[in-house]
Amino acid sequence: MSLQTHVGYIGLGNIGKPVATRLISDAYSVHVFDVDQQAVQSLVEQGATACESLAELASQCEHIGVCVRDDAQVESLLYGDAGLLSNAGANTVIAIHSTVTQERLLKWSDDAWSCGIFLIDAPMTGGAHRAEAGTLCYMVGGDDAILDRSHPILMRSAEKVVHAGGVGAGIALKLCNNFIQYTEFVAMAEATRLAEACGLSVDVLRDVGLSNGVVNEQMHMFVSARNSLAASASDEDMQQIFGAMGALGSKDLECAIATAAAHSVTLPTAEYVRDRIEDVFLARDASRPAQAGDCS
């Protein structure tokens with residue numbers, strides 16, 4: 001019987017849970033940690049091992065995936081006597097899947113290196129449905145040798161792994177990708193408002209946009225779902241359904257803006273989108289669905 005690689009996963013949220021689930025196999029012994037004990041128990045029932053602490057997980061795993069919300073949460077996992085850097089063995093790989101600032105990512109990697117640990121950036125794109133299907137795209141920053149070690153693990157939940165370059169390149173690529181995506185959402189929402197106010201449907205806009213490459217299916221699905229719900233949902237309902245996604249968009253764009261500033265680059269459009277992305281998700285801005293007969 002072949003020996004299993006011990007893989008840890010921290011953060012069993014919307015994307016992290018299906019990614020960790022796909023790791024459970026004959027090849028990997030999967031160790032999980034999350035404050036949400038229901039999510040942990042769900043993975044245990046499928047064959048994972050629950051860890052009572054970060055230290056326990058770090059001491060047992062050769063590769064650790066981290067999929068939490070932001071810079072502050074990543075740092076709370078890495079540092080301190082009970083953190084990953086103090087308890088992981090030499091040559092352990094820590095893959096940061098979170099959308100964070102490049103500056104902090106580079107610091108974490110340097111600190112890990114001083115502990116004999118390899119910390120790389122490996123954010124993903126595709127959302128929860130593609131995590132479940134195993135068709136994510138990872139954007140990795142790190143040395144070739146470390147990527148070679150990590151590649152089979154990443155491919156359990158991916159159809160593609162893009163090696164962007166050295167440490168920090170993966171998160172830079174992710175921030176650029178997110179900036180484009182959220183800007184597309186804002187533009188699609190406002191264009192749909194104009195189309196519907198003038199008697200056109202979002203589906204006609206989609207037909208033309210798919211033909212010439214201006215619109216993609218994700219843009220269309222976002223605006224169609226948002227507008228359909230906004231037509232009858234209360235503000236509280238919209239907040240419950242879309243609030244977390246809007247807040248995440250604002251956070252991701254702030255990471256892009258902060259990273260740009262560290263490179264003496266300004267992103268005025270990203271600042272504009274950051275300031276309105278939550279309202280766009282919640283349909284409480286000028287791109288809200290048009291009322292019948294409104295072409296003012």
# chains A, B, ... in the order shown; residues from 1 in each chain; ligands from 1
$ residues_around --residues "Asp110 in chain A" --least-positions-apart "5" --cutoff "12 Å" --atoms "only C-alpha atoms" --output "number ranges by chain"
A: 85, 103-105, 115-120, 167-168
$ write_last_selection --atoms "all heavy atoms" --output "compact mmCIF listing (two decimals), in the first residue's frame"
# COMPACT_ATOMS: atom_id res chain seq x y z
N LEU A 85 3.77 28.95 11.37
CA LEU A 85 5.22 29.09 11.20
C LEU A 85 6.00 28.53 12.38
O LEU A 85 7.14 28.09 12.21
CB LEU A 85 5.59 30.56 10.98
CG LEU A 85 5.02 31.22 9.73
CD1 LEU A 85 5.56 32.63 9.56
CD2 LEU A 85 5.31 30.39 8.47
N GLU A 103 2.19 42.94 -0.90
CA GLU A 103 3.22 43.33 0.07
C GLU A 103 3.24 42.40 1.27
O GLU A 103 4.29 41.95 1.71
CB GLU A 103 2.97 44.77 0.52
CG GLU A 103 4.01 45.29 1.49
CD GLU A 103 3.76 46.73 1.87
OE1 GLU A 103 2.60 47.19 1.80
OE2 GLU A 103 4.73 47.42 2.27
N ARG A 104 2.05 42.09 1.81
CA ARG A 104 2.00 41.20 2.97
C ARG A 104 2.38 39.78 2.58
O ARG A 104 3.05 39.07 3.34
CB ARG A 104 0.60 41.21 3.59
CG ARG A 104 0.11 42.57 4.05
CD ARG A 104 1.10 43.27 4.95
NE ARG A 104 1.30 42.58 6.21
CZ ARG A 104 2.24 42.92 7.08
NH1 ARG A 104 3.06 43.92 6.85
NH2 ARG A 104 2.35 42.24 8.21
N LEU A 105 1.96 39.35 1.40
CA LEU A 105 2.31 38.01 0.93
C LEU A 105 3.82 37.83 0.87
O LEU A 105 4.35 36.80 1.31
CB LEU A 105 1.66 37.78 -0.44
CG LEU A 105 1.68 36.38 -1.08
CD1 LEU A 105 3.04 35.96 -1.57
CD2 LEU A 105 1.09 35.34 -0.14
N CYS A 115 12.16 30.25 8.55
CA CYS A 115 11.81 29.09 9.39
C CYS A 115 12.01 27.77 8.65
O CYS A 115 11.65 26.70 9.17
CB CYS A 115 10.36 29.19 9.83
SG CYS A 115 9.94 30.63 10.83
N GLY A 116 12.55 27.84 7.43
CA GLY A 116 12.73 26.63 6.64
C GLY A 116 11.47 26.14 5.97
O GLY A 116 11.36 24.97 5.59
N ILE A 117 10.48 27.04 5.82
CA ILE A 117 9.17 26.71 5.26
C ILE A 117 9.00 27.46 3.95
O ILE A 117 9.45 28.59 3.80
CB ILE A 117 8.05 27.10 6.24
CG1 ILE A 117 8.18 26.28 7.54
CG2 ILE A 117 6.67 26.92 5.63
CD1 ILE A 117 7.35 26.82 8.68
N PHE A 118 8.33 26.84 2.98
CA PHE A 118 8.08 27.47 1.68
C PHE A 118 6.64 27.99 1.64
O PHE A 118 5.69 27.19 1.69
CB PHE A 118 8.30 26.49 0.54
CG PHE A 118 9.68 25.90 0.50
CD1 PHE A 118 9.90 24.61 0.98
CD2 PHE A 118 10.76 26.64 0.03
CE1 PHE A 118 11.18 24.07 0.95
CE2 PHE A 118 12.03 26.10 0.00
CZ PHE A 118 12.25 24.81 0.46
N LEU A 119 6.47 29.29 1.59
CA LEU A 119 5.13 29.88 1.48
C LEU A 119 4.97 30.47 0.09
O LEU A 119 5.77 31.31 -0.33
CB LEU A 119 4.92 30.94 2.56
CG LEU A 119 3.51 31.53 2.66
CD1 LEU A 119 3.16 31.87 4.10
CD2 LEU A 119 3.35 32.78 1.78
N ILE A 120 3.95 30.00 -0.62
CA ILE A 120 3.69 30.44 -1.99
C ILE A 120 2.29 31.03 -2.08
O ILE A 120 1.44 30.82 -1.21
CB ILE A 120 3.83 29.28 -3.00
CG1 ILE A 120 2.78 28.19 -2.72
CG2 ILE A 120 5.24 28.70 -2.95
CD1 ILE A 120 2.73 27.09 -3.77
N VAL A 167 7.40 34.18 -6.21
CA VAL A 167 6.46 34.49 -5.13
C VAL A 167 5.95 35.92 -5.29
O VAL A 167 6.71 36.85 -5.52
CB VAL A 167 7.14 34.30 -3.77
CG1 VAL A 167 6.22 34.80 -2.65
CG2 VAL A 167 7.49 32.84 -3.54
N GLY A 168 4.64 36.07 -5.17
CA GLY A 168 4.00 37.38 -5.33
C GLY A 168 3.37 37.57 -6.69
O GLY A 168 2.47 38.41 -6.84
$ select_by_dssp --residues "range 53-264 of chain A" --states "alpha helix (DSSP H)" --output "JSON, numbers by chain"
{"A": [54, 55, 56, 57, 58, 59, 60, 71, 72, 73, 74, 75, 76, 77, 78, 84, 85, 86, 87, 102, 103, 104, 105, 106, 107, 108, 109, 110, 111, 112, 113, 114, 127, 128, 129, 130, 131, 132, 133, 144, 145, 146, 147, 148, 149, 150, 151, 152, 153, 154, 169, 170, 171, 172, 173, 174, 175, 176, 177, 178, 179, 180, 181, 182, 183, 184, 185, 186, 187, 188, 189, 190, 191, 192, 193, 194, 195, 196, 197, 202, 203, 204, 205, 206, 207, 208, 209, 210, 211, 212, 217, 218, 219, 220, 221, 222, 223, 224, 225, 226, 227, 228, 229, 230, 235, 236, 237, 238, 239, 240, 241, 242, 243, 244, 245, 246, 247, 248, 249, 250, 251, 252, 253, 254, 255, 256, 257, 258, 259, 260, 261, 262]}
$ write_last_selection --atoms "C-alpha atoms" --output "tab-separated table (two decimals), in the first residue's frame"
chain	number	residue	atom	x	y	z
A	54	LEU	CA	-3.41	24.97	14.08
A	55	ALA	CA	-0.36	23.53	15.81
A	56	GLU	CA	-1.74	20.00	15.49
A	57	LEU	CA	-2.44	20.44	11.79
A	58	ALA	CA	0.91	22.12	11.07
A	59	SER	CA	2.90	19.41	12.82
A	60	GLN	CA	1.33	16.63	10.73
A	71	ASP	CA	-4.61	39.70	5.27
A	72	ALA	CA	-5.54	39.89	8.95
A	73	GLN	CA	-6.97	36.37	9.04
A	74	VAL	CA	-3.95	34.91	7.24
A	75	GLU	CA	-1.59	36.59	9.71
A	76	SER	CA	-3.59	35.27	12.67
A	77	LEU	CA	-2.94	31.74	11.34
A	78	LEU	CA	0.73	32.18	10.55
A	84	LEU	CA	1.71	27.64	11.45
A	85	LEU	CA	5.22	29.09	11.20
A	86	SER	CA	6.08	28.01	14.74
A	87	ASN	CA	4.76	24.48	14.35
A	102	GLN	CA	1.13	41.43	-2.49
A	103	GLU	CA	3.22	43.33	0.07
A	104	ARG	CA	2.00	41.20	2.97
A	105	LEU	CA	2.31	38.01	0.93
A	106	LEU	CA	5.97	38.73	0.24
A	107	LYS	CA	6.62	39.41	3.93
A	108	TRP	CA	4.96	36.15	4.94
A	109	SER	CA	7.05	34.26	2.40
A	110	ASP	CA	10.27	35.81	3.72
A	111	ASP	CA	9.33	34.99	7.31
A	112	ALA	CA	8.45	31.44	6.33
A	113	TRP	CA	11.77	31.06	4.52
A	114	SER	CA	13.62	32.00	7.70
A	127	GLY	CA	-16.16	30.19	-7.74
A	128	ALA	CA	-17.76	27.50	-5.62
A	129	HIS	CA	-19.47	25.68	-8.51
A	130	ARG	CA	-16.15	25.18	-10.31
A	131	ALA	CA	-14.45	24.16	-7.07
A	132	GLU	CA	-17.06	21.42	-6.72
A	133	ALA	CA	-16.53	20.38	-10.35
A	144	ASP	CA	9.51	25.70	-10.10
A	145	ALA	CA	10.49	22.97	-7.63
A	146	ILE	CA	7.84	24.00	-5.11
A	147	LEU	CA	5.19	24.23	-7.80
A	148	ASP	CA	6.15	20.73	-8.96
A	149	ARG	CA	5.49	19.48	-5.42
A	150	SER	CA	2.19	21.34	-5.17
A	151	HIS	CA	0.87	20.76	-8.68
A	152	PRO	CA	-0.81	17.36	-8.09
A	153	ILE	CA	-2.53	18.73	-4.99
A	154	LEU	CA	-3.82	21.81	-6.81
A	169	ALA	CA	3.26	36.97	-9.04
A	170	GLY	CA	0.24	34.74	-8.45
A	171	ILE	CA	-1.55	37.19	-6.19
A	172	ALA	CA	-0.70	40.06	-8.55
A	173	LEU	CA	-2.39	38.15	-11.37
A	174	LYS	CA	-5.41	37.42	-9.17
A	175	LEU	CA	-5.79	41.09	-8.22
A	176	CYS	CA	-5.68	42.12	-11.88
A	177	ASN	CA	-8.24	39.46	-12.77
A	178	ASN	CA	-10.60	40.52	-9.99
A	179	PHE	CA	-10.32	44.18	-10.96
A	180	ILE	CA	-11.43	43.34	-14.50
A	181	GLN	CA	-14.23	41.07	-13.29
A	182	TYR	CA	-15.81	43.55	-10.89
A	183	THR	CA	-15.54	46.34	-13.45
A	184	GLU	CA	-17.38	44.09	-15.92
A	185	PHE	CA	-20.16	43.56	-13.37
A	186	VAL	CA	-20.63	47.29	-12.86
A	187	ALA	CA	-20.62	47.99	-16.61
A	188	MET	CA	-23.04	45.13	-17.32
A	189	ALA	CA	-25.44	46.29	-14.60
A	190	GLU	CA	-25.53	49.84	-15.93
A	191	ALA	CA	-25.81	48.77	-19.56
A	192	THR	CA	-28.70	46.49	-18.64
A	193	ARG	CA	-30.42	49.38	-16.87
A	194	LEU	CA	-30.22	51.42	-20.07
A	195	ALA	CA	-31.34	48.50	-22.26
A	196	GLU	CA	-34.37	47.65	-20.12
A	197	ALA	CA	-35.37	51.30	-19.73
A	202	VAL	CA	-30.84	41.62	-20.98
A	203	ASP	CA	-30.97	38.48	-23.14
A	204	VAL	CA	-30.77	40.53	-26.35
A	205	LEU	CA	-27.81	42.39	-24.88
A	206	ARG	CA	-26.26	39.02	-24.11
A	207	ASP	CA	-26.79	37.70	-27.64
A	208	VAL	CA	-24.89	40.59	-29.20
A	209	GLY	CA	-22.25	40.69	-26.47
A	210	LEU	CA	-21.44	37.00	-26.75
A	211	SER	CA	-21.14	37.37	-30.52
A	212	ASN	CA	-18.56	40.15	-30.38
A	217	GLU	CA	-21.81	34.35	-19.39
A	218	GLN	CA	-20.71	35.25	-15.87
A	219	MET	CA	-21.63	38.91	-16.42
A	220	HIS	CA	-25.03	37.93	-17.79
A	221	MET	CA	-25.76	35.44	-15.00
A	222	PHE	CA	-24.82	37.97	-12.30
A	223	VAL	CA	-27.05	40.76	-13.59
A	224	SER	CA	-29.94	38.45	-14.50
A	225	ALA	CA	-29.96	36.84	-11.04
A	226	ARG	CA	-29.58	40.17	-9.25
A	227	ASN	CA	-32.36	41.88	-11.22
A	228	SER	CA	-34.72	38.94	-10.89
A	229	LEU	CA	-34.37	38.93	-7.12
A	230	ALA	CA	-34.40	42.72	-6.77
A	235	ASP	CA	-33.50	45.13	1.25
A	236	GLU	CA	-32.93	42.58	4.01
A	237	ASP	CA	-33.29	39.71	1.55
A	238	MET	CA	-30.83	41.30	-0.87
A	239	GLN	CA	-28.38	41.84	1.95
A	240	GLN	CA	-28.63	38.21	2.99
A	241	ILE	CA	-28.16	36.91	-0.56
A	242	PHE	CA	-25.65	39.35	-2.03
A	243	GLY	CA	-24.22	41.27	0.91
A	244	ALA	CA	-21.24	39.01	1.57
A	245	MET	CA	-20.29	38.94	-2.12
A	246	GLY	CA	-20.44	42.72	-2.35
A	247	ALA	CA	-18.28	43.15	0.75
A	248	LEU	CA	-15.80	40.64	-0.65
A	249	GLY	CA	-15.63	42.59	-3.90
A	250	SER	CA	-14.90	45.79	-2.03
A	251	LYS	CA	-12.15	44.05	-0.03
A	252	ASP	CA	-10.58	42.50	-3.13
A	253	LEU	CA	-10.53	45.82	-4.95
A	254	GLU	CA	-8.95	47.51	-1.93
A	255	CYS	CA	-6.19	44.86	-2.06
A	256	ALA	CA	-5.59	45.73	-5.73
A	257	ILE	CA	-5.49	49.45	-4.98
A	258	ALA	CA	-3.09	48.98	-2.05
A	259	THR	CA	-0.83	46.72	-4.11
A	260	ALA	CA	-0.83	49.24	-6.94
A	261	ALA	CA	0.12	52.03	-4.53
A	262	ALA	CA	3.08	49.97	-3.31
$ select_by_dssp --residues "range 95-175 of chain A" --states "strand (DSSP E or B)" --output "list in words"
Ala95, Ile96, Phe118, Leu119, Ile120, Asp121, Met124, Thr125, Leu136, Cys137, Tyr138, Met139, Val140, Gly141, Ala158, Glu159, Lys160, Val161, Val162, His163, Ala164 and Gly165 of chain A
$ atom_distance --atom1 "CA of His6 in chain A" --atom2 "CA of Tyr138 in chain A"
20.7 Å
$ closest_residue --among "A:Val32, A:Leu200, A:Cys67, A:Val93" --to "Pro123 in chain A" --atoms "only C-alpha atoms"
A:Cys67
$ atom_distance --atom1 "CA of Ser98 in chain A" --atom2 "CA of Pro18 in chain A"
15.0 Å
$ atom_distance --atom1 "CA of Ser201 in chain A" --atom2 "CA of Leu282 in chain A"
20.2 Å
$ residues_around --residues "range 42-50 of chain A" --least-positions-apart "4" --cutoff "12 Å" --atoms "only C-alpha atoms" --output "NGL selection string"
:A and (6-13 or 16-26 or 28-38 or 54 or 56-57 or 60-61)
$ decode --residues "range 147-166 of chain A" --atoms "N, CA, C and O atoms" --output "CSV table (one decimal), in the first residue's frame"
chain,number,residue,atom,x,y,z
A,147,LEU,N,6.4,24.4,-7.0
A,147,LEU,CA,5.2,24.2,-7.8
A,147,LEU,C,5.1,22.8,-8.2
A,147,LEU,O,4.0,22.2,-8.2
A,148,ASP,N,6.2,22.2,-8.6
A,148,ASP,CA,6.1,20.7,-9.0
A,148,ASP,C,5.6,19.9,-7.8
A,148,ASP,O,4.8,18.9,-8.0
A,149,ARG,N,6.0,20.2,-6.6
A,149,ARG,CA,5.5,19.5,-5.4
A,149,ARG,C,4.0,19.7,-5.2
A,149,ARG,O,3.2,18.8,-4.8
A,150,SER,N,3.6,20.9,-5.5
A,150,SER,CA,2.2,21.3,-5.2
A,150,SER,C,1.2,21.0,-6.3
A,150,SER,O,0.0,20.9,-6.1
A,151,HIS,N,1.7,20.9,-7.5
A,151,HIS,CA,0.9,20.8,-8.7
A,151,HIS,C,-0.2,19.6,-8.6
A,151,HIS,O,-1.4,19.9,-8.9
A,152,PRO,N,0.2,18.4,-8.2
A,152,PRO,CA,-0.8,17.4,-8.1
A,152,PRO,C,-1.9,17.7,-7.1
A,152,PRO,O,-3.1,17.3,-7.3
A,153,ILE,N,-1.5,18.4,-6.0
A,153,ILE,CA,-2.5,18.7,-5.0
A,153,ILE,C,-3.5,19.8,-5.6
A,153,ILE,O,-4.7,19.7,-5.4
A,154,LEU,N,-3.0,20.8,-6.2
A,154,LEU,CA,-3.8,21.8,-6.8
A,154,LEU,C,-4.7,21.2,-7.9
A,154,LEU,O,-5.9,21.6,-8.0
A,155,MET,N,-4.2,20.3,-8.6
A,155,MET,CA,-5.0,19.7,-9.8
A,155,MET,C,-6.2,18.9,-9.3
A,155,MET,O,-7.0,18.5,-10.1
A,156,ARG,N,-6.2,18.5,-8.0
A,156,ARG,CA,-7.4,17.8,-7.5
A,156,ARG,C,-8.7,18.7,-7.7
A,156,ARG,O,-9.8,18.1,-7.7
A,157,SER,N,-8.5,20.0,-7.7
A,157,SER,CA,-9.7,20.9,-7.8
A,157,SER,C,-9.6,21.8,-9.0
A,157,SER,O,-10.4,22.8,-9.0
A,158,ALA,N,-8.7,21.6,-9.9
A,158,ALA,CA,-8.4,22.5,-11.0
A,158,ALA,C,-8.4,21.8,-12.3
A,158,ALA,O,-8.1,20.6,-12.5
A,159,GLU,N,-8.7,22.6,-13.4
A,159,GLU,CA,-8.5,22.2,-14.7
A,159,GLU,C,-7.2,22.9,-15.3
A,159,GLU,O,-6.7,22.5,-16.3
A,160,LYS,N,-6.7,23.9,-14.6
A,160,LYS,CA,-5.6,24.6,-15.1
A,160,LYS,C,-4.8,25.3,-13.9
A,160,LYS,O,-5.4,25.8,-13.0
A,161,VAL,N,-3.5,25.2,-14.0
A,161,VAL,CA,-2.6,25.9,-13.0
A,161,VAL,C,-1.7,26.8,-13.8
A,161,VAL,O,-0.9,26.3,-14.7
A,162,VAL,N,-1.8,28.1,-13.6
A,162,VAL,CA,-0.9,29.0,-14.3
A,162,VAL,C,0.2,29.4,-13.4
A,162,VAL,O,0.0,29.9,-12.3
A,163,HIS,N,1.5,29.1,-13.8
A,163,HIS,CA,2.6,29.6,-13.1
A,163,HIS,C,3.0,31.0,-13.5
A,163,HIS,O,3.6,31.2,-14.5
A,164,ALA,N,2.6,31.9,-12.6
A,164,ALA,CA,2.7,33.4,-13.0
A,164,ALA,C,4.1,33.9,-12.9
A,164,ALA,O,4.5,34.8,-13.5
A,165,GLY,N,4.9,33.2,-12.0
A,165,GLY,CA,6.3,33.7,-11.8
A,165,GLY,C,6.7,33.4,-10.4
A,165,GLY,O,6.3,32.4,-9.8
A,166,GLY,N,7.7,34.2,-9.9
A,166,GLY,CA,8.1,34.0,-8.5
A,166,GLY,C,7.1,34.4,-7.5
A,166,GLY,O,6.0,34.8,-7.8
